[in-house]
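What follows is the content of protein.txt (compact mmCIF, C-alpha atoms and all ligand atoms).
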# COMPACT_ATOMS: atom_id res chain seq x y z
CA MET A 1413 27.36 -32.13 19.17
CA LYS A 1414 29.78 -29.47 18.06
CA ALA A 1415 29.88 -26.59 20.54
CA LEU A 1416 28.00 -23.61 19.17
CA ALA A 1417 30.59 -21.12 20.38
CA GLY A 1418 33.29 -23.00 18.49
CA ASP A 1419 31.70 -22.49 15.10
CA ASP A 1420 33.18 -19.91 12.75
CA ASP A 1421 29.84 -18.23 12.11
CA ALA A 1422 29.10 -17.87 15.83
CA VAL A 1423 32.51 -16.27 16.28
CA ALA A 1424 31.91 -13.99 13.28
CA LEU A 1425 28.51 -12.96 14.63
CA ALA A 1426 29.89 -12.21 18.07
CA ALA A 1427 32.69 -10.16 16.48
CA CYS A 1428 30.25 -8.00 14.50
CA ASP A 1429 30.04 -4.33 15.34
CA TRP A 1430 26.33 -4.44 16.21
CA ASP A 1431 26.15 -0.75 17.13
CA GLY A 1432 27.57 0.03 13.70
CA VAL A 1433 25.06 -2.34 12.09
CA GLU A 1434 22.21 -0.59 13.87
CA ARG A 1435 23.49 2.85 12.83
CA ALA A 1436 23.82 1.73 9.17
CA LEU A 1437 20.33 0.21 9.21
CA ASP A 1438 18.88 3.43 10.63
CA ALA A 1439 20.73 5.60 8.13
CA HIS A 1440 20.50 3.50 4.96
CA GLY A 1441 18.17 0.54 5.53
CA ASN A 1442 21.00 -1.94 5.03
CA ALA A 1443 24.20 -3.01 6.75
CA VAL A 1444 27.00 -5.41 5.83
CA LEU A 1445 28.20 -8.17 8.18
CA PRO A 1446 31.67 -8.78 6.76
CA GLY A 1447 32.99 -12.34 6.60
CA LEU A 1448 29.99 -14.02 8.21
CA LEU A 1449 30.85 -17.26 6.41
CA THR A 1450 34.21 -18.71 5.45
CA ALA A 1451 35.03 -19.55 1.82
CA ARG A 1452 34.70 -23.22 2.77
CA GLN A 1453 31.21 -22.73 4.25
CA CYS A 1454 30.20 -20.74 1.13
CA ALA A 1455 31.41 -23.52 -1.16
CA ALA A 1456 29.59 -26.17 0.87
CA LEU A 1457 26.32 -24.22 0.68
CA ALA A 1458 26.65 -23.47 -3.05
CA ALA A 1459 27.27 -27.20 -3.65
CA LEU A 1460 23.78 -27.90 -2.23
CA TYR A 1461 22.13 -26.08 -5.14
CA PRO A 1462 22.02 -28.92 -7.71
CA ARG A 1463 20.85 -31.50 -5.17
CA GLU A 1464 17.31 -32.82 -5.42
CA GLU A 1465 16.64 -33.39 -1.74
CA GLY A 1466 16.18 -30.80 0.99
CA TYR A 1467 13.95 -28.39 -0.92
CA ARG A 1468 10.23 -27.66 -0.97
CA SER A 1469 10.17 -25.94 -4.37
CA ARG A 1470 12.22 -24.58 -7.26
CA ILE A 1471 11.33 -21.28 -8.94
CA VAL A 1472 12.42 -20.35 -12.46
CA MET A 1473 12.28 -16.58 -12.18
CA ALA A 1474 11.49 -15.79 -15.84
CA ARG A 1475 8.25 -17.83 -15.59
CA HIS A 1476 6.92 -15.46 -12.93
CA GLY A 1477 8.27 -12.17 -14.22
CA PHE A 1478 10.76 -12.05 -11.33
CA GLY A 1479 13.79 -11.58 -13.59
CA ARG A 1480 16.11 -14.31 -14.88
CA GLY A 1481 17.80 -17.04 -12.88
CA GLU A 1482 16.39 -19.52 -10.42
CA TYR A 1483 16.07 -20.29 -6.75
CA LYS A 1484 15.01 -23.06 -4.41
CA TYR A 1485 13.24 -22.81 -1.07
CA PHE A 1486 14.71 -25.10 1.56
CA ALA A 1487 12.40 -27.57 3.30
CA TYR A 1488 12.39 -28.01 7.06
CA PRO A 1489 14.64 -29.05 8.68
CA LEU A 1490 16.94 -26.39 7.22
CA PRO A 1491 20.64 -27.19 6.68
CA PRO A 1492 22.09 -26.88 10.24
CA LEU A 1493 24.28 -23.86 9.44
CA LEU A 1494 21.30 -21.91 8.08
CA ALA A 1495 19.01 -22.96 10.94
CA ARG A 1496 21.66 -21.76 13.39
CA LEU A 1497 22.20 -18.45 11.59
CA ARG A 1498 18.46 -17.78 11.40
CA GLN A 1499 18.18 -18.52 15.16
CA THR A 1500 21.17 -16.39 16.17
CA LEU A 1501 20.61 -13.42 13.86
CA TYR A 1502 16.95 -12.97 14.80
CA PRO A 1503 17.47 -11.92 18.48
CA ARG A 1504 20.03 -9.32 17.33
CA LEU A 1505 17.55 -7.81 14.90
CA ALA A 1506 14.27 -8.03 16.86
CA PRO A 1507 15.05 -4.99 19.09
CA ILE A 1508 15.82 -2.91 15.97
CA ALA A 1509 12.58 -4.12 14.35
CA ASN A 1510 10.64 -3.15 17.48
CA ARG A 1511 12.21 0.30 17.59
CA TRP A 1512 11.41 0.82 13.91
CA ASN A 1513 7.76 -0.15 14.44
CA LEU A 1514 7.53 2.24 17.36
CA ARG A 1515 8.84 5.07 15.18
CA LEU A 1516 6.56 4.10 12.27
CA GLY A 1517 3.52 4.00 14.55
CA ALA A 1518 3.01 0.30 13.79
CA ALA A 1519 1.46 -1.71 16.65
CA VAL A 1520 3.21 -5.04 16.01
CA ARG A 1521 6.05 -6.05 18.37
CA TYR A 1522 8.41 -8.96 17.78
CA PRO A 1523 9.23 -11.55 20.45
CA ALA A 1524 12.86 -11.86 21.54
CA GLU A 1525 13.33 -15.36 20.08
CA LEU A 1526 12.75 -16.71 16.57
CA ASP A 1527 10.76 -19.74 17.76
CA ALA A 1528 8.11 -17.52 19.34
CA PHE A 1529 7.83 -15.44 16.17
CA LEU A 1530 7.57 -18.58 14.01
CA ARG A 1531 4.78 -19.91 16.28
CA ARG A 1532 2.90 -16.70 15.48
CA CYS A 1533 3.47 -17.21 11.73
CA HIS A 1534 2.47 -20.87 11.89
CA ALA A 1535 -0.73 -20.13 13.85
CA ALA A 1536 -1.75 -17.78 11.01
CA GLY A 1537 -1.16 -20.46 8.37
CA GLN A 1538 2.32 -19.21 7.40
CA THR A 1539 3.98 -22.59 7.84
CA ARG A 1540 6.24 -22.96 4.80
CA PRO A 1541 9.95 -22.20 5.24
CA THR A 1542 11.29 -19.16 3.37
CA PRO A 1543 15.09 -19.53 3.53
CA LEU A 1544 16.32 -19.95 -0.02
CA ILE A 1545 19.33 -20.42 -2.25
CA LEU A 1546 19.65 -18.60 -5.57
CA GLU A 1547 21.66 -19.34 -8.69
CA TYR A 1548 22.34 -16.80 -11.45
CA GLY A 1549 24.27 -17.28 -14.68
CA GLU A 1550 25.42 -14.83 -17.32
CA GLY A 1551 22.60 -12.45 -18.30
CA ASP A 1552 20.50 -13.25 -15.20
CA TYR A 1553 19.16 -10.62 -12.81
CA ASN A 1554 16.66 -10.26 -9.97
CA CYS A 1555 13.92 -7.63 -10.38
CA LEU A 1556 13.42 -5.16 -7.55
CA HIS A 1557 11.01 -6.76 -5.10
CA GLN A 1558 9.90 -7.23 -1.51
CA ASP A 1559 9.77 -10.65 0.14
CA LEU A 1560 6.29 -10.51 1.68
CA TYR A 1561 4.60 -13.86 2.23
CA GLY A 1562 1.52 -13.12 4.30
CA GLU A 1563 0.18 -10.95 7.08
CA HIS A 1564 3.17 -11.56 9.38
CA VAL A 1565 6.31 -9.81 8.23
CA PHE A 1566 9.61 -9.49 10.07
CA PRO A 1567 10.97 -6.17 8.75
CA LEU A 1568 14.62 -7.20 8.26
CA GLN A 1569 16.15 -10.03 6.25
CA VAL A 1570 19.63 -11.25 5.38
CA ALA A 1571 21.34 -12.34 2.15
CA ILE A 1572 24.78 -13.97 2.07
CA LEU A 1573 27.01 -13.90 -0.99
CA LEU A 1574 28.45 -17.40 -1.55
CA SER A 1575 30.46 -16.64 -4.70
CA GLN A 1576 33.58 -14.54 -5.09
CA PRO A 1577 33.15 -11.40 -7.22
CA GLY A 1578 35.85 -11.07 -9.87
CA ARG A 1579 36.67 -14.78 -9.77
CA ASP A 1580 33.30 -16.58 -9.96
CA PHE A 1581 31.25 -13.81 -11.58
CA SER A 1582 31.20 -10.16 -12.63
CA GLY A 1583 28.29 -7.71 -12.50
CA GLY A 1584 25.51 -9.08 -10.30
CA GLU A 1585 25.51 -6.36 -7.66
CA PHE A 1586 23.06 -6.32 -4.77
CA VAL A 1587 20.96 -3.18 -5.24
CA MET A 1588 18.32 -1.42 -3.17
CA THR A 1589 15.94 1.41 -3.89
CA GLY A 1590 14.18 3.62 -1.39
CA LEU A 1591 11.08 5.69 -2.07
CA SER A 1592 9.76 8.42 0.21
CA ALA A 1593 8.26 11.91 0.09
CA GLN A 1594 11.85 13.10 -0.47
CA GLY A 1595 12.15 11.19 -3.75
CA GLN A 1596 13.63 7.90 -4.86
CA TYR A 1597 17.23 6.76 -4.55
CA ALA A 1598 19.24 3.69 -5.45
CA GLU A 1599 22.13 2.10 -3.62
CA VAL A 1600 24.61 -0.62 -4.54
CA VAL A 1601 25.78 -2.76 -1.63
CA ALA A 1602 29.32 -4.01 -2.24
CA LEU A 1603 29.77 -7.57 -0.98
CA SER A 1604 32.72 -9.97 -0.90
CA GLN A 1605 32.37 -13.74 -0.68
CA GLY A 1606 30.99 -14.71 2.72
CA ASP A 1607 29.65 -11.23 3.52
CA ALA A 1608 26.04 -10.88 4.58
CA VAL A 1609 23.80 -7.89 4.02
CA VAL A 1610 21.02 -7.17 6.51
CA PHE A 1611 18.34 -5.13 4.83
CA THR A 1612 14.83 -3.70 5.03
CA VAL A 1613 12.07 -5.99 3.78
CA ASN A 1614 9.44 -3.31 3.29
CA GLN A 1615 9.36 0.03 5.10
CA ARG A 1616 11.81 1.78 7.37
CA PRO A 1617 11.66 5.00 9.39
CA ALA A 1618 13.96 7.90 8.50
CA PRO A 1619 14.19 11.44 9.86
CA GLY A 1620 11.80 13.75 8.02
CA ARG A 1621 10.99 17.44 8.03
CA ARG A 1622 7.99 16.77 10.26
CA GLY A 1623 9.20 13.94 12.46
CA VAL A 1624 9.44 10.51 10.92
CA ARG A 1625 9.40 9.81 7.20
CA THR A 1626 8.55 6.33 5.86
CA VAL A 1627 10.90 4.94 3.22
CA ALA A 1628 9.64 2.01 1.11
CA MET A 1629 12.55 -0.22 0.18
CA ARG A 1630 12.99 -2.81 -2.56
CA HIS A 1631 15.97 -5.00 -3.37
CA GLY A 1632 17.24 -6.85 -6.40
CA VAL A 1633 20.36 -7.92 -8.26
CA SER A 1634 21.82 -6.22 -11.33
CA ARG A 1635 22.63 -8.26 -14.43
CA ILE A 1636 25.35 -10.88 -14.09
CA ARG A 1637 27.90 -9.98 -16.79
CA SER A 1638 29.81 -13.25 -16.64
CA GLY A 1639 30.13 -16.41 -14.57
CA ARG A 1640 27.85 -17.79 -11.93
CA ARG A 1641 26.63 -16.23 -8.68
CA HIS A 1642 25.09 -18.02 -5.68
CA THR A 1643 23.45 -16.45 -2.65
CA VAL A 1644 21.52 -17.66 0.35
CA GLY A 1645 18.59 -15.66 1.66
CA LEU A 1646 17.40 -15.77 5.27
CA ILE A 1647 13.88 -14.45 5.67
CA PHE A 1648 12.53 -14.69 9.20
CA HIS A 1649 8.77 -14.92 8.55
CA ASP A 1650 7.45 -18.13 7.01
CA ALA A 1651 5.10 -18.24 4.03
CA LYS A 1652 1.43 -19.11 3.50
O1 LIG B 1701 20.78 -12.76 -4.82
C1 LIG B 1701 20.72 -11.80 -4.04
O2 LIG B 1701 21.70 -11.16 -3.69
C2 LIG B 1701 19.37 -11.36 -3.50
C3 LIG B 1701 18.48 -12.50 -3.26
C4 LIG B 1701 17.14 -12.09 -2.71
O3 LIG B 1701 16.33 -11.49 -3.35
C5 LIG B 1701 16.85 -12.44 -1.32
O4 LIG B 1701 17.70 -13.04 -0.62
O5 LIG B 1701 15.75 -12.13 -0.87
FE FE B 1702 14.55 -11.15 -2.16
Rewrite the structure of this file - the entire thing - as structure tokens.
Amino acid sequence: MKALAGDDDAVALAACDWDGVERALDAHGNAVLPGLLTARQCAALAALYPREEGYRSRIVMARHGFGRGEYKYFAYPLPPLLARLRQTLYPRLAPIANRWNLRLGAAVRYPAELDAFLRRCHAAGQTRPTPLILEYGEGDYNCLHQDLYGEHVFPLQVAILLSQPGRDFSGGEFVMTGLSAQGQYAEVVALSQGDAVVFTVNQRPAPGRRGVRTVAMRHGVSRIRSGRRHTVGLIFHDAK
């Protein structure tokens, strides 16, 4: 077996400025992990899209009112790189998720390891894997949404841009909105190929006039102006 520590993504994760990530998540509800994947890893993942095997379902977004474009949910076992990233990202994010719940007055606490959290999901009937790969062509977009799949929700998720902006596609920006008592705002998260964005699934705490304010977040993708854009999404809770 290839040594975990020798893999590019493990090195990239270890090199991340996790204090900076935590500060950005607290301030904005999203944070970029630059260069999480190499161009070669991105290309290898994007090349999985047209394959028949390895998936549990394919969703044509326009059929469900989700926007335009399509995506596929991976089946278990996940591609090894994605399984490893889901396993190694989770323990970095669980302490942040727990601190957020404390501030929001939510009783749920997340175990330190992904396997323990997935056992909780599976016991509640959330057994279907949620990691996914998306493909957008010219004119496609992803409506603002929240990836909630049942009672158990891990409050942070990750998306990785596999395509190179300017070369493979134009437009197609990752966007987030936040809604609170202080109004609604929108944010564009600039990503390069191989960058990951960690972002709020549902609600996040923010400083308010009287203590903590709850900000309800949604994410989506603006219209692809030209070319083709692929992303991978890592959601930590499984689906019913
Ligand atoms: O394509 C994107 O950048 C966003 C995909 C998405 O909605 C997700 O990963 O949950
Ligand atoms: Fe999503």
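Distance annotation: of A:Ala1651, A:Cys1454, A:Leu1556, A:Ala1459, the residue with the minimal separation from ligand FE 1702 (chain B) is A:Leu1556; atom set is only C-alpha atoms and all ligand atoms.
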From atom CA of Met1629 of chain A to atom CA of Gly1595 of chain A the spacing works out at 12.1 Å
Mind running chain A against ligand FE 1702 (chain B) at 12 Å and telling me each contacting residue's nearest atom pair with the distance in Å (one decimal), counting only C-alpha atoms and all ligand atoms, chain and number ascending, as JSON lines?
{"residue": "A:Met1473", "atom": "CA", "partner": "B:FE1702", "partner_atom": "FE", "distance": 11.6}
{"residue": "A:Phe1478", "atom": "CA", "partner": "B:FE1702", "partner_atom": "FE", "distance": 10.0}
{"residue": "A:Gly1479", "atom": "CA", "partner": "B:FE1702", "partner_atom": "FE", "distance": 11.5}
{"residue": "A:Glu1482", "atom": "CA", "partner": "B:FE1702", "partner_atom": "FE", "distance": 11.9}
{"residue": "A:Tyr1483", "atom": "CA", "partner": "B:FE1702", "partner_atom": "FE", "distance": 10.3}
{"residue": "A:Tyr1485", "atom": "CA", "partner": "B:FE1702", "partner_atom": "FE", "distance": 11.8}
{"residue": "A:Thr1542", "atom": "CA", "partner": "B:FE1702", "partner_atom": "FE", "distance": 10.3}
{"residue": "A:Pro1543", "atom": "CA", "partner": "B:FE1702", "partner_atom": "FE", "distance": 10.1}
{"residue": "A:Leu1544", "atom": "CA", "partner": "B:FE1702", "partner_atom": "FE", "distance": 9.2}
{"residue": "A:Ile1545", "atom": "CA", "partner": "B:FE1702", "partner_atom": "FE", "distance": 10.4}
{"residue": "A:Leu1546", "atom": "CA", "partner": "B:FE1702", "partner_atom": "FE", "distance": 9.7}
{"residue": "A:Tyr1553", "atom": "CA", "partner": "B:FE1702", "partner_atom": "FE", "distance": 11.6}
{"residue": "A:Asn1554", "atom": "CA", "partner": "B:FE1702", "partner_atom": "FE", "distance": 8.1}
{"residue": "A:Cys1555", "atom": "CA", "partner": "B:FE1702", "partner_atom": "FE", "distance": 9.0}
{"residue": "A:Leu1556", "atom": "CA", "partner": "B:FE1702", "partner_atom": "FE", "distance": 8.1}
{"residue": "A:His1557", "atom": "CA", "partner": "B:FE1702", "partner_atom": "FE", "distance": 6.4}
{"residue": "A:Gln1558", "atom": "CA", "partner": "B:FE1702", "partner_atom": "FE", "distance": 6.1}
{"residue": "A:Asp1559", "atom": "CA", "partner": "B:FE1702", "partner_atom": "FE", "distance": 5.3}
{"residue": "A:Leu1560", "atom": "CA", "partner": "B:FE1702", "partner_atom": "FE", "distance": 9.1}
{"residue": "A:Tyr1561", "atom": "CA", "partner": "B:FE1702", "partner_atom": "FE", "distance": 11.2}
{"residue": "A:Leu1568", "atom": "CA", "partner": "B:FE1702", "partner_atom": "FE", "distance": 11.1}
{"residue": "A:Gln1569", "atom": "CA", "partner": "B:FE1702", "partner_atom": "FE", "distance": 8.6}
{"residue": "A:Val1570", "atom": "CA", "partner": "B:FE1702", "partner_atom": "FE", "distance": 9.1}
{"residue": "A:Ala1571", "atom": "CA", "partner": "B:FE1702", "partner_atom": "FE", "distance": 8.1}
{"residue": "A:Ile1572", "atom": "CA", "partner": "B:FE1702", "partner_atom": "FE", "distance": 11.4}
{"residue": "A:Phe1586", "atom": "CA", "partner": "B:FE1702", "partner_atom": "FE", "distance": 10.1}
{"residue": "A:Val1587", "atom": "CA", "partner": "B:FE1702", "partner_atom": "FE", "distance": 10.7}
{"residue": "A:Met1588", "atom": "CA", "partner": "B:FE1702", "partner_atom": "FE", "distance": 10.5}
{"residue": "A:Val1609", "atom": "CA", "partner": "B:FE1702", "partner_atom": "FE", "distance": 11.6}
{"residue": "A:Val1610", "atom": "CA", "partner": "B:FE1702", "partner_atom": "FE", "distance": 11.5}
{"residue": "A:Phe1611", "atom": "CA", "partner": "B:FE1702", "partner_atom": "FE", "distance": 10.0}
{"residue": "A:Thr1612", "atom": "CA", "partner": "B:FE1702", "partner_atom": "FE", "distance": 10.4}
{"residue": "A:Val1613", "atom": "CA", "partner": "B:FE1702", "partner_atom": "FE", "distance": 8.2}
{"residue": "A:Asn1614", "atom": "CA", "partner": "B:FE1702", "partner_atom": "FE", "distance": 10.8}
{"residue": "A:Met1629", "atom": "CA", "partner": "B:FE1702", "partner_atom": "FE", "distance": 11.4}
{"residue": "A:Arg1630", "atom": "CA", "partner": "B:FE1702", "partner_atom": "FE", "distance": 8.5}
{"residue": "A:His1631", "atom": "CA", "partner": "B:FE1702", "partner_atom": "FE", "distance": 6.4}
{"residue": "A:Gly1632", "atom": "CA", "partner": "B:FE1702", "partner_atom": "FE", "distance": 6.6}
{"residue": "A:Val1633", "atom": "CA", "partner": "B:FE1702", "partner_atom": "FE", "distance": 9.0}
{"residue": "A:Thr1643", "atom": "CA", "partner": "B:FE1702", "partner_atom": "FE", "distance": 10.4}
{"residue": "A:Val1644", "atom": "CA", "partner": "B:FE1702", "partner_atom": "FE", "distance": 9.9}
{"residue": "A:Gly1645", "atom": "CA", "partner": "B:FE1702", "partner_atom": "FE", "distance": 7.2}
{"residue": "A:Leu1646", "atom": "CA", "partner": "B:FE1702", "partner_atom": "FE", "distance": 9.2}
{"residue": "A:Ile1647", "atom": "CA", "partner": "B:FE1702", "partner_atom": "FE", "distance": 8.5}
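The shortest atom-to-atom distance to Gly1549 of chain A, with all atoms listed in the file taken into account, belongs to A:Ile1636 out of A:Ile1636, A:Val1520, A:Leu1591, A:Leu1460.
The nearest approach to ligand LIG 1701 (chain B) among the residues A:Arg1496, A:Glu1465, A:Leu1490, A:Lys1484, with all atoms listed in the file taken into account, belongs to A:Lys1484.
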Taking (3.4, -8.7, 7.5) in the file's coordinates as the center, which residues reach within 12 Å of it, counting only C-alpha atoms, put as an NGL selection string?
:A and (1513 or 1518-1522 or 1529 or 1532-1533 or 1536 or 1538 or 1558-1568 or 1613-1615 or 1648-1652)
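The spacing separating atom CA of Gln1605 of chain A from atom CA of Gln1576 of chain A amounts to 4.6 Å.
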For Gln1499 of chain A, which residue among A:Leu1530, A:Ala1427, A:Ala1487, A:Ala1439 is the nearest when counting only C-alpha atoms?
A:Leu1530
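Between atom CA of Gln1594 of chain A and atom CA of Ala1509 of chain A lies a distance of 22.7 Å.
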